[in-house]
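Asker: Just passing along the structure, written as structure tokens.
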Amino acid sequence: MRRLVLLALLPFLLFNGCDFPRSNEMASFAYSKQKMDSIHAQAEQYTAEKSAAGTRYIDNVFTSYNTLQGEYEKGFHFIMLSPGGDTFLKRPVIIVLHAGGGKIEDVKGWCEDWTYKGYVSITAEYKNDTGEFTAEKQKIATVQMFKLLDYLRINADKYGIKIKKVFIMGVSAGAITAIQTGIGLDDRFTSFYAGLPVPVNQKLNVAATATLSGTANTAFNNLITSADPPNFFYHGALDQTIPYSAALTTFNLEISRGIASTFMGFPDKGHKLESHDIILSDLTLKFYNVLKPNGISAN
């Protein structure tokens with residue numbers, strides 16, 4: 001019985017003390033179920049239509065991948081997957097971050113999904129403990145992500161990656177880290193990060209982020225400007241760990257700043273979305289549309 005009680009309290013313990021914004025607009029869904037069903041159907045139809053053409057970054061144009069494991073900083077490991085037999089010298093990157101109590105291997109399936117489409121994918125450690133993910137630890141996690149971005153910048157030629165086209169997505173605590181890295185990147189030399197070991201290089205970029213059951217806390221919401229990358233939100237209305245209203249608050253803030261973020265709500269889902277195929281279809285198009293303006297889709 002004691003073990004069951006601890007398991008029930010685990011989500012609360014992991015994020016207790018984190019100042020996520022809350023509102024009384026829980027009934028105000030970003031999408032009605034009817035509209036969501038329409039969006040899902042359009043995404044699936046579009047993906048199916050493009051499959052015959054074999055469009056890189058939309059379809060599974062590769063059937064194998066190469067695996068590299070290492071450390072981007074002492075004690076912080078990563079796994080990198082790159083398309084097998086790829087002839088491109090530079091590829092966009094998708095970083096996938098696991099949930100707070102998990103490990104990098106947990107999201108390897110997502111990495112495989114993206115690599116088969118032609119991306120270089122990476123799953124990496126962003127914190128070195130499984131305790132409460134406090135606001136301060138969240139900030140430190142973004143610093144770790146800055147270090148990972150700097151590592152990728154330094155080794156861009158070695159790994160064959162486009163450092164200006166890096167996407168970050170995550171689940172739960174990984175989602176918090178993903179969006180807050182995107183928001184905090186252009187604030188890393190301000191007093192907000194005072195005393196933390198932020199990489200000094202100016203040329204770090206995040207093209208877009210995506211959050212599965214995660215959002216930014218109040219401190220990071222206060223940093224949002226029009227210069228921040230878009231975030232693609234996927235959130236369950238029944239989430240008792242990171243409230244739906246908190247994600248909606250951050251989304252509305254980004255929209256008010258002119259950021260092209262999107263929100264897909266799941267009325268019947270909690271913290272565990274269990275909607276992999278729907279999210280993959282939708283996010284495939286979202287990431288692709290970020291790539292297209294620079295002509296990468298033609299390569």
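Letters for chains follow the order of the structure tokens (A, B, ...), residue numbers begin at 1 for each chain, and ligand numbers begin at 1 in the order shown.
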With a distance cut-off of 9 Å and only C-alpha atoms, select the neighbouring residues of A:Phe78, excluding the residue or stretch itself and same-chain residues fewer than 6 positions from it, and output the selection as a list in words.

Answerer: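 Those residues are Leu68, Gln69, Gly70, Glu71, Tyr72, Ile104, Ile122, Thr123, Ala124 and Glu125 of chain A.
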
Asker: Suppose we keep C-alpha atoms; can you now write the selection as a PDB file, in the first residue's frame?

Answerer:
```pdb
ATOM      1  CA  LEU A  68      26.675   6.910 -32.256  1.00  0.00           C
ATOM      2  CA  GLN A  69      26.885   7.133 -28.468  1.00  0.00           C
ATOM      3  CA  GLY A  70      28.994   9.547 -26.473  1.00  0.00           C
ATOM      4  CA  GLU A  71      29.160  12.410 -23.981  1.00  0.00           C
ATOM      5  CA  TYR A  72      28.645  16.061 -24.884  1.00  0.00           C
ATOM      6  CA  ILE A 104      17.532   8.510 -22.985  1.00  0.00           C
ATOM      7  CA  ILE A 122      19.561  12.884 -30.848  1.00  0.00           C
ATOM      8  CA  THR A 123      18.371  11.896 -27.410  1.00  0.00           C
ATOM      9  CA  ALA A 124      20.441  13.359 -24.586  1.00  0.00           C
ATOM     10  CA  GLU A 125      20.603  13.643 -20.815  1.00  0.00           C
TER      11      GLU A 125
END
```

Asker: If you count only C-alpha atoms, which residues fall within 9 Å of A:Asp150, apart from same-chain ones fewer than 6 positions away, as a list in words?

Answerer: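 Within the cut-off, the hits are Pro199, Asn201, Lys203 and Leu204 of chain A.
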
Asker: What's the separation between atom CA of A:Asp59 and atom CA of A:Pro230, in Å to one decimal place?

Answerer: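 Taking atom CA of A:Asp59 and atom CA of A:Pro230, their separation equals 22.9 Å.
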
Asker: Step one, run DSSP on the backbone; step two, keep only residues of stretch 179-284 of chain A assigned to alpha helix (DSSP H); then write them as number ranges by chain.

Answerer: A: 179-184, 218-221, 244-256, 276-284
